[in-house]
Structures are given as C-alpha cells and as structure tokens.
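Undergrad: Structure provided below as structure tokens; questions to follow.
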Amino acid sequence: MDMKSVESKWQAKWEKSKQNVFNKKNIDKKLYVLEMFSYPSASKLHVGHWYNYGPTDSYARFKKMQGFEVFQPMGFDAFGLPAENFAIKTGIHPKDSTEKNILTMEQQLKNMGAMFDWSAEIKTCEENYYKWTQWLFLQLYKKGLAYRKEALVNWCPSCETVLANEQVIDGKCERCNSVVLRKDMTQWFFKITEYAEELLNDLDKLDWPDKTKLMQKNWIGRSTGCEIHFECETGDTITVFTTRPDTLFGVNYVVLAPEHPLVKKLREAHPEKATEIDAYVQYAAEANDIDRLSTAREKTGVFTGAYATHPLTGKKVPVYLADYVLYSYGTGAVMAVAAHDERDYAFAKKYNLPITQVIQKVGEEIVLPYCEDGILVNSGEFDGLSGDEARDAIAVHLTKIGKGSKKVNYRLRDWSVSRQRYWGAPIPMIHCENCGVVPVPEKDLPVKLPYDVEFRPSGRSPLAGNAKYMKCTCPKCGKKAERDPDTLDTFVCSSWYYLRYPESKNDKHPFTKEIADKIAPVDVYVGGAEHACMHLLYARFITKALRDMGYISFGEPFKRLIHQGIILGTDGNRMSKSRGNVVSPDKYVDEFGSDIFRLYLMFGFSYTEGGPWNDDGIKSISRFVERIERLVQKATELQDAEAEIGSAEKELDYAKNYAIKAITRDMESFSFNTSLARVMEYVNALQKYDSDGCKNTSFFKACISDLIRMFAPFAPHFSEECWEMLGNKDSVFEEEYPLVNEQALVKDEVEYAVQVNSKIKAKVMIAEGLTNDQIQEKVSALPDVAPLLEGKTVKKCIVVKGRLVNLIVG
RNA sequence: GCCCGCGUGGCGGAAUAGGCAGACGCACAGGACUUAAAAUCCUGAGUCCUAACAGACGUAUCGGUUCAAGUCCGAUCGCGGGCACCA
C-alpha cells in the first residue's frame, strides 16, 4: 500500500466530512481529551510531540468508536522566551518567526492524521486570545487576587535583563552563563497562596499520577506550628514561626533575615553595631542564588546588639541577623534552638553561643543536635511531656497569655507574573500620577502588543522603549498616564486555554458558563511530567479562582492526567543538538508513513516510561501492517462460503474476543504496547486459520472486518483504506468498536499447573465446574504426580481456580 | 542532605487481587520456497548440566513472611526524578 497517497486521501476526506469537528448536539456524550498544546519554538515537530499526540489520538479514536463525542482540539502556546531569544540572536521578529513556525507545525500535525478539531484551534499570541488573557488578569485584579509588590527577581548582570526561573540553569544565565543575581523589582503577583489549602486538599480527588500529586504536595509544603512573639527591647514584637514549639525553652537567640524590616530600627538603636550590620546586610544582598541557597554554605551572621524577651521565661536572648533565615518564608524570623536544630547548632558553635538541651530520650544518651521528638526537660511546667503533647500545651498556653498562636505555613509563594520581556501578553494596567495603578477598562481590551519594538535587552522592559505604546490617558481622571511596560508570564496564557477551545471564535466572551460547564473539565489530559509544579498547578489555581468569581462551576481543570515518557536518543541520552542524537520523525514518516511511525511509538515503549529510540522495531511494525493488508486482500478475493462452526472457528472466535476484551481494558490505562500485542495475536490466529484451510470463508471475512475495526484507532489511514477495500462506503470511525462476546470466552476445560510441594510437576486440562475434591482426585492420578504421592499423605490441597493445584505432601 | 520512583533474557518490554516468570515483538539459529538473493512461511531458544529424558539455578544483592514472592516486609547496592538552609 502506498502510505503517502493513502494518508493524504483520507486526511482530505476527513476534513471534507468534518467528522473530527465536535458536535455540540451530542454534548451529553462528550469526552474532552486534551494534549498539552505545542510551543512553536523549533520549526518542526520532534519525536516528543509525536509521542504525546499520536498514541493519545489513538485513545481518542478508540473512545470515539465507543460512542463518545470526543473533543480533541489543538493549538499553540505561542508567546514566550525561546521565540524572543531567537529574535535577539537573529534579528527576526518573534511574531514573524512564530507565525512561520506555526504554519509548518500545523501542516505536520495535519499529516499526523490525528482527529484534532481544527475549527477550535487557538494561538495564544493572537489578539482574540490574549485579549481574554488580559481579561483574566483584570478579573483577578478586581477580586484582589492580582497585586503589585516589590520582590527579588533573577537578574543577569551581563544581559542586563530579568530572567524567568526557567531561564536560570544551575544559578546561571542560560544565554551567557553569567551567575544570576537577585534584584528587587516591583512586580505583579497572583495570590495563589490564598488557595494553598484547597490546592492541597483537592489533590485527593484527582485521578493523577501519584508522583505528580506528591510533587505538588511537597511544592505547596504545608507545615503546622506556632507563631511566637518575642518582645524586642525597641518595643517592637519579633514574631517567629516554628514547627517545634516544644523546644521553646531551649531558645538561645533569635535570628532575623537580613532583609527583615526591623533591621533598620535595630541599627538605629545600636549605632555602635551599624557598620557591622550594614556590612552584613550588603554581604547577604550580594550573594548569588547558588551561594545563598546552598545548604553547604557556612552559617554566617552578626549580632545586632539588641535583646528580646523570651515569652515564657522572661530571659533576654540576643537578636542576630543571619542569611540562613529566609525573609520569604514564615515571618522572616526564627527562634534558634541550638540543641535541637542542625543549623542553629552550627551557628551557635561558630559564634560561641550557649546550647540548652530541652528534649531528652528516656534511657538513652543523645547526641546534639538532636532533632527528633522526645520528652521535655528544662522546660518548667512542661517537663515530662512528649513532643505532641508539648506542642499542643505550649501553643495553648501562648494563646492564653497572648504571646503566640497555632499557625499553618506554606512553602508555596505567590506567583510572579510580570516579565520584562516583549513577546507576551501586555499587562492591562495603567500608571497614573494622580490615581496610581488603574486597570484598563474591559471595553478597551485588547491592549495590543505593538510590532515595532526594540526587543534586544537593555535592562528595562522592551515595551518601555516604545513611546507610542507607553503613552496613554488615565481611564479614571483623563490625564496623561503610562502603560505598564511588562508582559505576562506565558504560564498565564496556558492556565486557562482549555476553557477557550470550545469557544475559540467567541468574540464577546472568553468562554461561557453554559458551555464550559458542559464540556469541561478536561476528562483526560496528556502531557509531560515536567509541568507538575508549574502549568498544572497554575491551571488548577486559575480554575478555582474563576469558579469563585462565578464564571464556571467546577474547581479542577483536569480530571485525569497522564504523563507520557520521554523518547531518548539511540545512545540512551536525552535528545539534544549538542549530543547529535536527535531522531527526526520526518525521516521515518517519509519512509514508512505516519501510521507506522505512530504504531511503533505505541508498541516499542511502555507509554509512561519512554526509552531509547531503536530503528529495528519500526521495520517490524511495517511488516506487521503488510500482513494485515494481505489478510484484507485475501478476504476481498474469497468467495462467500458458509460452513459449520467447528473447533477451528471456535478457536478463532476465542482469539478475537480475547483480543477485544484485553484491548478494551488496556486502552483505558494507556497501555498501547499490550493492546497492540493482542492485535498481533489475533492476526496470528487469523493467519493460522487461513493456512489451516479456511473452510468458513464468510466467518473468516467477518473476522477480518472485525480486525479492521479493532485496529482502526491505532492506524487510522491504513484502516480506512482497508475498510474501503472490504467494500464499505463510510468511514470506519463511524463504526462501533467491536464488543466482546463473553460467551466465546467460556472454555469447556482449562489448563492447570499441578504442583507437588510448590514445585510444578505436570500440566493438565481440567473441565469447568469440578469440585476441589474432584480436581484433587484427578490430579493425584496423573502419571507425573502419582509416584510422588506414594506412601505419603496429602496434608493439604490448594486449588486456585483456573490456574493451579498445589498438593502439600509429607 | 531530604522525599519519591525504578532495577525482569542479547534487546524493547509483558505478567488482574501473592498463583505456571519471560506474553507480544526485535535480533539470532535451523528449515521450506528460490538458479540465487530479498520477501514470505514453518520450527527453535532464560541460564547451566545432559546424547536425550530428567534435574539444578533464575526477576539487582542479602534476609524474612507464605503452601506459593518479580509482586508483600526489612536491609544493602545501582539508576532516574523532585526538593534543597522552608525553621
């Protein structure tokens, strides 16, 4: 079969018949199958795209044949850094390169032959999409979920630009390899932390890989403890967060992060320490991420000269600054318990501070620092309590005397969404001298991204350099004002795109509740695991926020999630240009066709594992498909001839139904390799029946017809062609997937393995419906078994129905 | 450092709920067809020992639970991933 022409023939037919366009009339049978959309940075599809989209399309086609109205759209996550970096390198405008790349990729995706509903296509860089991304921003702003604050960002001193986290590789700029610094800048943030608890709790409801849920759980990082107030000699309160209030009596000193606002006041109170404090604050500020965040970094700090009062003992404890305390977590201040915390211990040893043990293990010597739970000592009225008891008792006591309270903290930080970059959705905000920050009125959306912009890095946002863009009037007071020069993180674009697909052409609304509630959430979402704590978390947050604002009624975007594995180069390494091990799908698609390429991706790997590419496998798939073609050819040549249903027919019928049953189960779990193995077994059975004489040709032809329906989701073009060869007029995808006939799977007798003392000694066919005693009797008489039982007693006989018999003799 | 996952033939990989390890395929070997090759079809094969039958060993390693362990439990080694001064 000439795959090339067969493929284009059927692609054209599918497009003409619009059979892949979602039919809203059947919305109650909907199944929203979504693959993560592509990023058009490279101009061609790579094996990873194919591996994501090909097999998932087979799943979608399978579900369609099962009667679901499948909605499977495709689009492009078109804004972003790679296009801009490419522009900086080559001078080609990001819009031009992106549009060109999209054109190529669209064609390649169409050649794949997936049942994408192209009428729903979206491109996030187009006005009719980013208008609504800006709309989303405004809603979050109205709801108080978008706010501005000064924060530390990644700063490349050589490129003079802010870098996104993903552009920082091992603490270095991905482009020039300079060590990235931290810089204070005023930025827009989304208050994802407001949803920390719900994002954590709802993980239980999701049919997602455990690993991904765990990663999100750890990322959210809930910890329970206490906030405790230490009164500072300046009259201010130093509030610390601790998960170990049970060690409160062991506090030796209090530590503030160098960025803590109180530092300024302490410096004024202790002018004699001012030089030291200044030097330390500067030292901490200049440290780069690699050093500052390394656990191996030596603990450093400085005494402020000030003291604080212990809330329970009333003792004075010194106040230190140290950069092992992070301003961004908890309260930015810590109570140091040298005896029971490794960091505090190291610090106390270095600066010769006292170490007070307050946790003891009964009957055991402990070595400090001892960070486990134990029994309290040196803790006044709390002596003798266990860790859990003490944590509760001390918290209760602190609450009573107004010196603290129980508190839950999260590791999750608010989502920084400002990017000092050009190629993104402009932030729809205006800065007015009179009115401050003013949102762009919704009727004025989109705030259009101007084409004519110098996007080479200059230390400020590229849009700031475009006076025409920046100048505007304040919507509130009408006076001259300026636009926000930043653009939105591309993860904002992708946080809601699944809602746009069903209504991609709606120019009045981003989406409507009526339709969104019916089509969404996504039933099955398939994409790479690398998005676990980024896209997948952001999308959950935005979904919950939109629900709370009344725009939708559900709170989770993706009910079920599958991660495909990664296809590696033949050398077992990740594919990369520098390694020179990149496998081009085009080469194989040209040589074998897209169906065969897709089949190999499904058959050669465990879908969620992936693995190294191997050329030999694909040739065998090609041969397998040819075998099917020969069977179809044979079926078209045979004259119909009825014959009785004998044992050969029964055997073939069993093989067929066994395959249907197994495939129907395995497809549900994205187990494509075993599904195809079952098709192969069935093909083997068909060939055997044929070579054994093929008496009942009518039956044989019906079996071939079932084979094609069975195989259709895996090789769509090829199967359509075969279906046509068999004399059918309509698309095979209008057919129902073959249903299992359980009757055909009932066997009169089943092979049992016979064990004596757990060692296999024989195999025997045993009729269905025998009692255990009858089975034991039959088995004991077997020539391979009987001698082993002579002169011995059978103590026990274990029968596992349909599988084995184990005789325990002694 | 902490958390999580994974280790099965020469290779990719199978193995419901603890029940015949190695499905399916690749590569390999032998055979049929052919002047020959390719293609196709048939047969074989975990390893060791054996002429064969039989037997022994076998899912990273060591130990345990069980009539029965790739699967459960404990320890060790190796690989991969995530987090990384989170108080």
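Chain lettering (A, B, ...) mirrors the order of the structure tokens, residue numbering begins at 1 for each chain separately, and ligand numbering begins at 1 in order of display.
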Report as a PyMOL selection string all protein, DNA and RNA residues lying within 10 Å of A14 of chain B, evaluated on only C-alpha atoms (C1' of nucleotides), omitting residues in the same chain fewer than 3 positions from it.

TA: (chain A and resi 673-674+677) or (chain B and resi 8+21-24)

Undergrad: Which residues are close to U43 of chain B, i.e. within 12 Å by only C-alpha atoms (C1' of nucleotides), leaving aside same-chain residues fewer than 6 positions away? Reply as a list in words.

TA: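 These residues fall inside the cut-off: A29, G30, G31 and A32 of chain B.
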
Undergrad: With DSSP run on the backbone, what are the helix (DSSP H, G or I) residues within segment 154-349 of chain A? I'd like them as a ChimeraX atom specification.

TA: /A:165-167,192-205,210-220,245-250,262-269,271-286,289-292,338-340,342-349

Undergrad: What does the distance from atom CA of Gly611 of chain A to atom CA of Gly593 of chain A come to in Å, to one decimal?

TA: 21.6 Å

Undergrad: Mind pulling up the distance from atom C1' of G44 of chain B to atom C1' of G58 of chain B?

TA: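 That distance, rounded to one decimal, is 20.7 Å.
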
Undergrad: Need to verify the contact set: segment 754-769 of chain A, 7 Å, only C-alpha atoms (C1' of nucleotides), exclusion of same-chain residues closer than 5 positions in sequence. Can you return it as a CSV table (one decimal) with all heavy atoms, in the first residue's frame?

TA:
chain,number,residue,atom,x,y,z
A,748,ASP,N,-14.5,-25.0,27.8
A,748,ASP,CA,-15.0,-26.3,28.5
A,748,ASP,C,-14.0,-26.7,29.5
A,748,ASP,O,-14.3,-27.2,30.5
A,748,ASP,CB,-15.2,-27.4,27.4
A,748,ASP,CG,-16.2,-27.0,26.4
A,748,ASP,OD1,-17.0,-26.0,26.7
A,748,ASP,OD2,-16.2,-27.5,25.2
A,749,GLU,N,-12.7,-26.6,29.1
A,749,GLU,CA,-11.7,-27.0,30.1
A,749,GLU,C,-10.5,-26.1,30.0
A,749,GLU,O,-10.3,-25.4,29.0
A,749,GLU,CB,-11.3,-28.5,29.8
A,749,GLU,CG,-11.1,-28.8,28.4
A,749,GLU,CD,-10.6,-30.3,28.2
A,749,GLU,OE1,-10.9,-31.1,29.1
A,749,GLU,OE2,-9.9,-30.5,27.3
A,784,ASP,N,2.7,-38.2,36.2
A,784,ASP,CA,3.8,-37.5,36.7
A,784,ASP,C,3.7,-37.1,38.2
A,784,ASP,O,4.6,-36.7,38.8
A,784,ASP,CB,3.9,-36.1,36.0
A,784,ASP,CG,4.5,-36.4,34.5
A,784,ASP,OD1,5.1,-37.4,34.3
A,784,ASP,OD2,4.2,-35.5,33.7
A,785,VAL,N,2.5,-37.4,38.7
A,785,VAL,CA,2.2,-37.0,40.1
A,785,VAL,C,2.1,-38.2,41.0
A,785,VAL,O,2.7,-38.2,42.1
A,785,VAL,CB,0.9,-36.1,40.2
A,785,VAL,CG1,0.6,-35.7,41.6
A,785,VAL,CG2,1.1,-34.8,39.3
A,804,LEU,N,-4.0,-23.2,39.1
A,804,LEU,CA,-3.1,-24.3,39.6
A,804,LEU,C,-3.7,-25.1,40.7
A,804,LEU,O,-4.6,-24.6,41.4
A,804,LEU,CB,-1.7,-23.7,39.8
A,804,LEU,CG,-1.5,-22.7,40.9
A,804,LEU,CD1,-1.6,-23.3,42.3
A,804,LEU,CD2,-0.1,-22.1,40.8
A,805,VAL,N,-3.0,-26.2,40.9
A,805,VAL,CA,-3.3,-27.1,42.1
A,805,VAL,C,-2.0,-27.3,42.8
A,805,VAL,O,-1.0,-27.6,42.1
A,805,VAL,CB,-3.9,-28.4,41.6
A,805,VAL,CG1,-4.3,-29.2,42.9
A,805,VAL,CG2,-5.1,-28.2,40.7
A,806,ASN,N,-2.0,-27.2,44.1
A,806,ASN,CA,-0.7,-27.4,44.8
A,806,ASN,C,-1.0,-28.5,45.9
A,806,ASN,O,-1.8,-28.2,46.8
A,806,ASN,CB,-0.3,-26.1,45.5
A,806,ASN,CG,1.2,-26.2,46.0
A,806,ASN,OD1,1.8,-27.3,45.9
A,806,ASN,ND2,1.6,-25.1,46.6
A,807,LEU,N,-0.3,-29.6,45.8
A,807,LEU,CA,-0.5,-30.7,46.7
A,807,LEU,C,0.6,-30.6,47.7
A,807,LEU,O,1.8,-30.7,47.3
A,807,LEU,CB,-0.5,-32.0,46.1
A,807,LEU,CG,-1.7,-32.3,45.1
A,807,LEU,CD1,-1.4,-33.5,44.2
A,807,LEU,CD2,-3.0,-32.4,45.8
A,808,ILE,N,0.3,-30.5,49.0
A,808,ILE,CA,1.3,-30.4,50.0
A,808,ILE,C,1.4,-31.8,50.7
A,808,ILE,O,0.4,-32.3,51.3
A,808,ILE,CB,1.0,-29.4,51.1
A,808,ILE,CG1,0.7,-28.0,50.5
A,808,ILE,CG2,2.2,-29.2,52.1
A,808,ILE,CD1,1.8,-27.5,49.6
A,809,VAL,N,2.5,-32.5,50.5
A,809,VAL,CA,2.6,-33.9,51.0
A,809,VAL,C,3.7,-34.0,52.0
A,809,VAL,O,4.7,-33.2,52.0
A,809,VAL,CB,2.8,-34.9,49.9
A,809,VAL,CG1,1.7,-34.8,48.9
A,809,VAL,CG2,4.2,-34.7,49.2
B,67,C,P,2.3,-21.6,55.3
B,67,C,OP1,1.0,-22.2,55.7
B,67,C,OP2,3.5,-21.6,56.1
B,67,C,O5',2.6,-22.3,53.9
B,67,C,C5',3.2,-23.6,53.8
B,67,C,C4',3.1,-24.1,52.4
B,67,C,O4',1.8,-24.3,52.0
B,67,C,C3',3.7,-23.1,51.4
B,67,C,O3',5.1,-23.2,51.3
B,67,C,C2',3.0,-23.6,50.1
B,67,C,O2',3.6,-24.7,49.6
B,67,C,C1',1.6,-23.9,50.6
B,67,C,N1,0.7,-22.8,50.5
B,67,C,C2,0.2,-22.5,49.2
B,67,C,O2,0.6,-23.2,48.2
B,67,C,N3,-0.7,-21.5,49.0
B,67,C,C4,-1.1,-20.9,50.1
B,67,C,N4,-2.0,-19.9,49.9
B,67,C,C5,-0.7,-21.1,51.4
B,67,C,C6,0.2,-22.1,51.5
B,68,A,P,6.0,-21.9,51.1
B,68,A,OP1,7.4,-22.3,51.0
B,68,A,OP2,5.6,-21.0,52.2
B,68,A,O5',5.5,-21.3,49.7
B,68,A,C5',5.9,-22.0,48.6
B,68,A,C4',5.2,-21.4,47.4
B,68,A,O4',3.8,-21.4,47.5
B,68,A,C3',5.5,-19.9,47.2
B,68,A,O3',6.8,-19.7,46.6
B,68,A,C2',4.4,-19.4,46.3
B,68,A,O2',4.6,-19.7,45.0
B,68,A,C1',3.2,-20.3,46.9
B,68,A,N9,2.4,-19.5,47.9
B,68,A,C8,2.5,-19.7,49.2
B,68,A,N7,1.6,-18.9,49.9
B,68,A,C5,0.9,-18.2,48.8
B,68,A,C6,-0.1,-17.3,48.8
B,68,A,N6,-0.7,-16.8,49.9
B,68,A,N1,-0.5,-16.9,47.6
B,68,A,C2,0.0,-17.3,46.5
B,68,A,N3,1.0,-18.2,46.4
B,68,A,C4,1.4,-18.6,47.6

Undergrad: Just how far from atom CA of Glu503 of chain A is atom CA of Ile552 of chain A, in Å to one decimal?

TA: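 Spanning atom CA of Ile552 of chain A to atom CA of Glu503 of chain A is a straight-line distance of 14.0 Å.
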
Undergrad: Taking only segment 278-375 of chain A into account, list the residues labelled strand (DSSP E) by DSSP (computed from the backbone), as a VMD selection string.

TA: chain A and resid 301 to 309 316 to 322 333 to 336 359 to 360 375

Undergrad: Selected residues, N, CA, C and O atoms, written as a CSV table (one decimal), in the first residue's frame, please.

TA:
chain,number,residue,atom,x,y,z
A,301,GLY,N,26.6,35.4,60.3
A,301,GLY,CA,25.6,36.3,60.9
A,301,GLY,C,26.3,37.3,61.7
A,301,GLY,O,27.5,37.4,61.7
A,302,VAL,N,25.5,38.2,62.2
A,302,VAL,CA,26.0,39.3,63.0
A,302,VAL,C,25.1,39.6,64.2
A,302,VAL,O,23.9,39.5,64.0
A,303,PHE,N,25.7,39.9,65.3
A,303,PHE,CA,24.9,40.3,66.5
A,303,PHE,C,24.5,41.7,66.3
A,303,PHE,O,25.3,42.6,66.0
A,304,THR,N,23.2,42.0,66.6
A,304,THR,CA,22.7,43.4,66.4
A,304,THR,C,22.9,44.3,67.6
A,304,THR,O,22.7,45.5,67.5
A,305,GLY,N,23.3,43.7,68.7
A,305,GLY,CA,23.4,44.4,69.9
A,305,GLY,C,22.1,44.4,70.7
A,305,GLY,O,22.1,44.8,71.9
A,306,ALA,N,21.0,44.0,70.1
A,306,ALA,CA,19.7,44.1,70.7
A,306,ALA,C,19.4,42.8,71.4
A,306,ALA,O,19.9,41.7,71.0
A,307,TYR,N,18.5,42.9,72.3
A,307,TYR,CA,18.0,41.7,73.0
A,307,TYR,C,16.5,41.6,72.9
A,307,TYR,O,15.8,42.7,72.8
A,308,ALA,N,16.0,40.4,73.0
A,308,ALA,CA,14.5,40.2,73.0
A,308,ALA,C,14.1,39.4,74.2
A,308,ALA,O,15.0,38.7,74.8
A,309,THR,N,12.9,39.5,74.7
A,309,THR,CA,12.5,38.8,75.9
A,309,THR,C,11.8,37.5,75.5
A,309,THR,O,10.8,37.5,74.7
A,316,LYS,N,16.4,37.4,78.7
A,316,LYS,CA,16.8,38.1,77.5
A,316,LYS,C,17.6,37.2,76.5
A,316,LYS,O,18.6,36.5,77.0
A,317,VAL,N,17.3,37.2,75.3
A,317,VAL,CA,18.1,36.5,74.3
A,317,VAL,C,18.6,37.4,73.2
A,317,VAL,O,17.9,38.4,72.8
A,318,PRO,N,19.8,37.2,72.8
A,318,PRO,CA,20.4,38.2,71.8
A,318,PRO,C,19.6,38.0,70.4
A,318,PRO,O,19.2,37.0,70.1
A,319,VAL,N,19.6,39.1,69.7
A,319,VAL,CA,19.0,39.1,68.4
A,319,VAL,C,20.1,39.2,67.3
A,319,VAL,O,20.9,40.1,67.3
A,320,TYR,N,20.1,38.2,66.4
A,320,TYR,CA,21.1,38.1,65.4
A,320,TYR,C,20.5,38.3,64.0
A,320,TYR,O,19.3,38.2,63.8
A,321,LEU,N,21.4,38.7,63.1
A,321,LEU,CA,21.0,38.6,61.7
A,321,LEU,C,21.8,37.5,61.1
A,321,LEU,O,22.9,37.3,61.4
A,322,ALA,N,21.1,36.7,60.2
A,322,ALA,CA,21.8,35.6,59.5
A,322,ALA,C,21.1,35.3,58.3
A,322,ALA,O,19.9,35.3,58.2
A,333,ALA,N,11.7,35.5,60.5
A,333,ALA,CA,12.4,35.5,61.8
A,333,ALA,C,12.3,34.1,62.4
A,333,ALA,O,11.3,33.4,62.2
A,334,VAL,N,13.3,33.7,63.1
A,334,VAL,CA,13.3,32.3,63.7
A,334,VAL,C,13.8,32.4,65.1
A,334,VAL,O,14.6,33.2,65.5
A,335,MET,N,13.2,31.5,65.9
A,335,MET,CA,13.8,31.3,67.3
A,335,MET,C,14.8,30.2,67.2
A,335,MET,O,14.6,29.1,66.6
A,336,ALA,N,16.0,30.4,67.6
A,336,ALA,CA,17.1,29.5,67.4
A,336,ALA,C,17.2,28.6,68.7
A,336,ALA,O,17.4,29.1,69.8
A,359,ILE,N,15.1,18.6,75.2
A,359,ILE,CA,14.5,17.3,74.8
A,359,ILE,C,15.4,16.2,75.2
A,359,ILE,O,16.6,16.2,75.0
A,360,GLN,N,14.8,15.2,75.8
A,360,GLN,CA,15.5,14.0,76.3
A,360,GLN,C,14.9,12.7,75.8
A,360,GLN,O,13.7,12.7,75.5
A,375,ILE,N,11.2,13.6,75.2
A,375,ILE,CA,10.5,14.0,76.4
A,375,ILE,C,11.1,15.4,76.8
A,375,ILE,O,12.3,15.5,76.8

Undergrad: Within 6 Å of chain B, which residues of chain A are there when counting only C-alpha atoms (C1' of nucleotides)? Please give them as a PyMOL selection string.

TA: chain A and resi 242+295+324+604+617+677+753
